[in-house]
$ cat data.cif   # mmCIF, C-alpha atoms
data_protein
loop_
_atom_site.label_atom_id
_atom_site.label_comp_id
_atom_site.auth_asym_id
_atom_site.auth_seq_id
_atom_site.Cartn_x
_atom_site.Cartn_y
_atom_site.Cartn_z
CA MET A 1 196.23 105.41 113.67
CA ASN A 2 197.99 105.24 110.30
CA ILE A 3 198.41 101.62 109.14
CA ASP A 4 200.37 100.84 105.97
CA PHE A 5 198.04 98.27 104.38
CA LYS A 6 199.82 98.74 101.03
CA LYS A 7 203.16 97.48 102.32
CA TYR A 8 202.23 93.88 101.49
CA ASN A 9 200.87 92.80 98.10
CA ASP A 10 197.68 91.29 99.56
CA GLY A 11 196.77 94.45 101.51
CA LEU A 12 196.82 92.55 104.81
CA VAL A 13 198.81 93.25 107.95
CA PRO A 14 199.53 90.78 110.77
CA ALA A 15 197.38 91.26 113.86
CA ILE A 16 198.73 89.76 117.09
CA VAL A 17 196.00 89.17 119.67
CA GLN A 18 196.94 89.36 123.34
CA ASP A 19 194.70 88.77 126.36
CA SER A 20 194.21 92.16 128.00
CA ASP A 21 194.19 90.60 131.49
CA THR A 22 196.74 87.77 131.42
CA GLN A 23 198.98 89.28 128.70
CA LYS A 24 199.15 85.87 126.99
CA VAL A 25 199.47 85.90 123.21
CA LEU A 26 196.31 84.19 122.00
CA MET A 27 196.58 84.04 118.23
CA LEU A 28 197.80 85.67 115.04
CA GLY A 29 195.44 86.76 112.28
CA PHE A 30 195.46 89.16 109.37
CA MET A 31 193.49 92.35 108.87
CA ASN A 32 192.76 94.63 105.98
CA ASP A 33 191.43 98.14 106.51
CA GLU A 34 187.81 96.92 106.39
CA ALA A 35 188.47 94.28 109.10
CA LEU A 36 190.12 96.87 111.33
CA GLN A 37 187.26 99.34 110.88
CA LYS A 38 184.68 96.65 111.69
CA THR A 39 186.69 95.62 114.76
CA MET A 40 186.82 99.20 116.00
CA LYS A 41 183.14 99.85 115.29
CA GLU A 42 181.65 96.65 116.71
CA GLY A 43 184.12 95.93 119.53
CA ARG A 44 184.69 92.33 118.45
CA VAL A 45 187.91 91.32 116.72
CA THR A 46 187.40 90.69 113.01
CA PHE A 47 190.02 89.40 110.59
CA TYR A 48 190.28 88.90 106.88
CA SER A 49 190.26 85.14 106.29
CA ARG A 50 192.70 84.26 103.51
CA SER A 51 191.11 80.81 103.13
CA LYS A 52 187.48 82.03 103.10
CA LYS A 53 188.35 85.18 101.12
CA ARG A 54 186.09 87.31 103.35
CA LEU A 55 185.87 89.12 106.65
CA TRP A 56 185.68 86.73 109.56
CA THR A 57 184.73 87.71 113.11
CA LYS A 58 186.45 85.43 115.60
CA GLY A 59 183.70 83.49 117.37
CA GLU A 60 181.02 83.98 114.71
CA GLU A 61 180.36 80.22 114.74
CA SER A 62 181.59 79.12 118.19
CA GLY A 63 180.47 82.14 120.22
CA ASN A 64 184.04 82.48 121.52
CA PHE A 65 184.33 86.13 120.54
CA LEU A 66 187.31 88.35 121.28
CA GLU A 67 186.01 91.53 122.94
CA LEU A 68 188.22 94.44 121.90
CA ARG A 69 190.07 96.38 124.59
CA SER A 70 192.69 98.29 122.55
CA VAL A 71 194.54 98.46 119.24
CA ALA A 72 198.11 99.63 118.70
CA ALA A 73 200.37 99.80 115.66
CA ASP A 74 204.04 98.95 115.74
CA CYS A 75 206.82 101.43 114.91
CA ASP A 76 206.68 100.61 111.16
CA HIS A 77 202.87 100.89 111.02
CA ASP A 78 202.59 97.45 109.43
CA THR A 79 201.67 95.17 112.37
CA LEU A 80 198.84 95.47 114.86
CA LEU A 81 198.74 94.53 118.53
CA ILE A 82 195.16 93.80 119.53
CA LYS A 83 194.38 93.50 123.24
CA ALA A 84 191.14 91.65 123.84
CA HIS A 85 189.09 89.70 126.35
CA PRO A 86 188.39 86.16 125.07
CA LEU A 87 184.93 84.69 125.66
CA GLY A 88 186.17 81.11 125.72
CA PRO A 89 188.93 79.10 124.07
CA VAL A 90 190.61 80.89 121.18
CA CYS A 91 191.97 78.00 119.10
CA HIS A 92 189.71 75.91 116.86
CA THR A 93 191.14 72.85 118.66
CA GLY A 94 189.53 74.03 121.90
CA ALA A 95 192.82 75.17 123.44
CA ASP A 96 193.05 78.49 125.27
CA THR A 97 195.61 79.79 122.75
CA CYS A 98 196.80 78.77 119.30
CA TRP A 99 200.01 77.56 120.96
CA SER A 100 198.08 75.26 123.34
CA GLU A 101 199.10 77.30 126.36
CA LYS A 102 196.84 77.71 129.37
CA ASN A 103 195.53 81.25 129.41
CA HIS A 104 196.13 82.32 132.97
CA ASN A 105 198.34 84.92 134.52
CA GLU A 106 201.84 83.60 135.20
CA ASN A 107 201.90 85.63 138.40
CA PHE A 108 201.07 83.08 141.11
CA LEU A 109 199.61 85.70 143.45
CA HIS A 110 197.19 86.77 140.73
CA TYR A 111 196.25 83.11 140.25
CA LEU A 112 195.83 82.69 144.02
CA GLU A 113 193.47 85.68 144.10
CA ASP A 114 191.35 83.96 141.45
CA ILE A 115 191.28 80.79 143.58
CA ILE A 116 190.16 82.81 146.63
CA GLU A 117 187.36 84.32 144.54
CA LEU A 118 186.21 80.83 143.55
CA ARG A 119 186.54 79.30 147.01
CA LYS A 120 184.51 81.99 148.76
CA LYS A 121 181.49 80.75 146.78
CA ALA A 122 181.87 77.21 148.15
CA THR A 123 180.10 75.93 151.24
CA PRO A 124 181.76 76.85 154.55
CA GLU A 125 181.90 73.16 155.48
CA THR A 126 184.05 72.31 152.46
CA SER A 127 186.29 75.38 152.19
CA TYR A 128 188.40 77.22 154.75
CA VAL A 129 188.16 80.40 152.66
CA ALA A 130 184.36 80.14 152.49
CA SER A 131 184.21 79.56 156.23
CA LEU A 132 186.15 82.80 156.84
CA PHE A 133 183.85 84.74 154.53
CA SER A 134 180.81 83.31 156.31
CA LYS A 135 182.09 84.79 159.59
CA GLY A 136 182.33 88.31 158.15
CA ILE A 137 184.86 91.07 157.73
CA ASN A 138 185.71 91.37 161.43
CA LYS A 139 186.83 87.74 161.63
CA ILE A 140 188.85 88.07 158.43
CA ALA A 141 190.58 91.22 159.70
CA GLN A 142 191.21 89.58 163.07
CA LYS A 143 192.83 86.62 161.31
CA VAL A 144 195.19 88.97 159.44
CA GLY A 145 196.15 90.51 162.80
CA GLU A 146 196.80 87.09 164.33
CA GLU A 147 198.98 86.04 161.39
CA ALA A 148 200.89 89.34 161.56
CA VAL A 149 201.68 88.78 165.24
CA GLU A 150 202.80 85.20 164.55
CA THR A 151 205.05 86.44 161.73
CA VAL A 152 206.64 89.02 164.02
CA ILE A 153 207.25 86.37 166.70
CA GLU A 154 208.92 84.02 164.22
CA ALA A 155 211.01 86.89 162.81
CA LYS A 156 212.65 87.26 166.22
CA ASP A 157 213.79 83.60 166.17
CA ASN A 158 216.26 81.87 163.88
CA ASN A 159 214.01 79.29 162.24
CA ASP A 160 213.72 80.39 158.60
CA GLY A 161 211.20 77.67 157.77
CA LEU A 162 208.77 78.73 160.49
CA PHE A 163 209.19 82.39 159.58
CA LEU A 164 208.50 81.78 155.89
CA ASN A 165 205.43 79.67 156.70
CA GLU A 166 204.00 82.40 158.93
CA ALA A 167 204.81 85.03 156.29
CA ALA A 168 202.94 82.91 153.72
CA ASP A 169 199.95 82.60 156.08
CA LEU A 170 199.96 86.37 156.56
CA LEU A 171 200.06 87.06 152.83
CA PHE A 172 197.30 84.53 152.14
CA HIS A 173 194.98 86.04 154.74
CA TYR A 174 195.84 89.55 153.54
CA LEU A 175 194.67 88.55 150.04
CA ILE A 176 191.43 87.27 151.58
CA LEU A 177 190.96 90.59 153.40
CA LEU A 178 191.57 92.53 150.18
CA ASN A 179 188.97 90.39 148.42
CA ALA A 180 186.47 90.92 151.23
CA LYS A 181 186.91 94.68 150.81
CA GLY A 182 186.42 94.40 147.03
CA TYR A 183 190.06 94.92 146.07
CA ARG A 184 192.93 92.98 144.56
CA LEU A 185 196.67 93.18 145.08
CA GLU A 186 196.99 95.26 141.90
CA ASP A 187 194.98 98.02 143.58
CA VAL A 188 197.52 98.20 146.39
CA THR A 189 200.37 98.00 143.87
CA HIS A 190 198.84 100.96 142.03
CA VAL A 191 198.91 103.05 145.22
CA LEU A 192 202.57 102.13 145.75
CA GLN A 193 203.41 103.01 142.15
CA GLU A 194 201.74 106.41 142.53
CA ARG A 195 203.72 107.05 145.72
CA HIS A 196 206.95 106.03 144.00
CA SER A 197 206.39 108.30 141.00
CA GLY A 198 205.13 111.20 143.11
#
$ encode --input "data.cif" --output "structure tokens"
Amino acid sequence: MNIDFKKYNDGLVPAIVQDSDTQKVLMLGFMNDEALQKTMKEGRVTFYSRSKKRLWTKGEESGNFLELRSVAADCDHDTLLIKAHPLGPVCHTGADTCWSEKNHNENFLHYLEDIIELRKKATPETSYVASLFSKGINKIAQKVGEEAVETVIEAKDNNDGLFLNEAADLLFHYLILLNAKGYRLEDVTHVLQERHSG
């Protein structure tokens, strides 16, 4: 990777940090060649602090490190895109991002999968999802079958509200089944993408 650190008088290039999972932009920092090399070597994002006049590893005081996933240069070789996994809030204010945005995937189904993962750890008496998991894979699969039949029945009628509710129930229980098998919707999407490109 050829970065033009000499393009700017201070020898620094902007480094945009994006969450590798949610794709949210977390922060903007600046790197010189030494900061980039340290980032690549140690796997934790390090910047050059213009105020401290030294290298600064994000999280060195708070413990909220940015674990490096990838580095890419833009078309002019003067800006970096860092993809990382944050170990806690990124902003010094305690916010998830330096723009005070919540750092979660905007895709509601992805969010719902995270909720299912959390709920399955609850007690069966307090959570419907946990109660399904406590009954095992056969019960979960059976529930998907029941919801599929109910969706088909409603599809044959003309009540859009009932159909959409049954379709939502089917999708919800399908996500639970995927989780029980150790998969997420993105794994199924990947199979579909491979079929489409094949």
$ resolve_selection --input "data.cif" --expression "the PyMOL selection byres ((chain A and resi 40) around 12)" --output "list of chain:residue names"
A:Met1, A:Met31, A:Asp33, A:Glu34, A:Ala35, A:Leu36, A:Gln37, A:Lys38, A:Thr39, A:Lys41, A:Glu42, A:Gly43, A:Arg44, A:Val45, A:Thr46, A:Phe47, A:Glu67, A:Leu68, A:Arg69, A:Ser70, A:Val71, A:Ala72, A:Ile82, A:Lys83, A:Ala84
$ closest_residue --input "data.cif" --among "A:Ala73, A:Leu132, A:Leu26, A:Ala168" --to "Lys102 in chain A" --atoms "only C-alpha atoms"
A:Leu26
$ closest_residue --input "data.cif" --among "A:Ser62, A:Asn9, A:Thr57, A:Asn105" --to "Val25 in chain A" --atoms "all atoms listed in the file"
A:Asn105
$ residues_around --input "data.cif" --residues "Asn179 in chain A" --least-positions-apart "5" --cutoff "8 Å" --atoms "all atoms listed in the file" --output "list in words"
Glu113, Ile116, Glu117 and Arg184 of chain A
$ resolve_selection --input "data.cif" --expression "the PyMOL selection byres ((chain A and resi 85-88) around 6)" --output "ChimeraX atom specification"
/A:19-20,64-67,84,89
$ write_last_selection --input "data.cif" --atoms "C-alpha atoms" --output "PDB file, in the frame of the given file"
ATOM      1  CA  ASP A  19     194.700  88.770 126.360  1.00  0.00           C
ATOM      2  CA  SER A  20     194.210  92.160 128.000  1.00  0.00           C
ATOM      3  CA  ASN A  64     184.040  82.480 121.520  1.00  0.00           C
ATOM      4  CA  PHE A  65     184.330  86.130 120.540  1.00  0.00           C
ATOM      5  CA  LEU A  66     187.310  88.350 121.280  1.00  0.00           C
ATOM      6  CA  GLU A  67     186.010  91.530 122.940  1.00  0.00           C
ATOM      7  CA  ALA A  84     191.140  91.650 123.840  1.00  0.00           C
ATOM      8  CA  PRO A  89     188.930  79.100 124.070  1.00  0.00           C
TER       9      PRO A  89
END
$ closest_residue --input "data.cif" --among "A:Leu170, A:Leu185, A:Leu109, A:Leu80" --to "Glu150 in chain A" --atoms "only C-alpha atoms"
A:Leu170
$ closest_residue --input "data.cif" --among "A:His92, A:Asp78, A:Phe133, A:Arg54" --to "Lys6 in chain A" --atoms "only C-alpha atoms"
A:Asp78
$ closest_residue --input "data.cif" --among "A:Lys24, A:Lys135, A:Arg119, A:His196" --to "Glu106 in chain A" --atoms "all atoms listed in the file"
A:Lys24
$ residues_around --input "data.cif" --residues "Leu112 in chain A" --least-positions-apart "6" --cutoff "10 Å" --atoms "only C-alpha atoms" --output "ChimeraX atom specification"
/A:118,172,175-176
$ closest_residue --input "data.cif" --among "A:Asn103, A:Lys181, A:Lys139, A:Ala167" --to "Thr151 in chain A" --atoms "only C-alpha atoms"
A:Ala167
$ atom_distance --input "data.cif" --atom1 "CA of Asp21 in chain A" --atom2 "CA of Leu171 in chain A"
22.4 Å
$ atom_distance --input "data.cif" --atom1 "CA of Ser131 in chain A" --atom2 "CA of Leu162 in chain A"
24.9 Å
$ atom_distance --input "data.cif" --atom1 "CA of His77 in chain A" --atom2 "CA of Ile3 in chain A"
4.9 Å
$ resolve_selection --input "data.cif" --expression "the PyMOL selection byres ((chain A and resi 143) around 10)" --output "ChimeraX atom specification"
/A:132,137-142,144-149,169-170,173-174,176-177
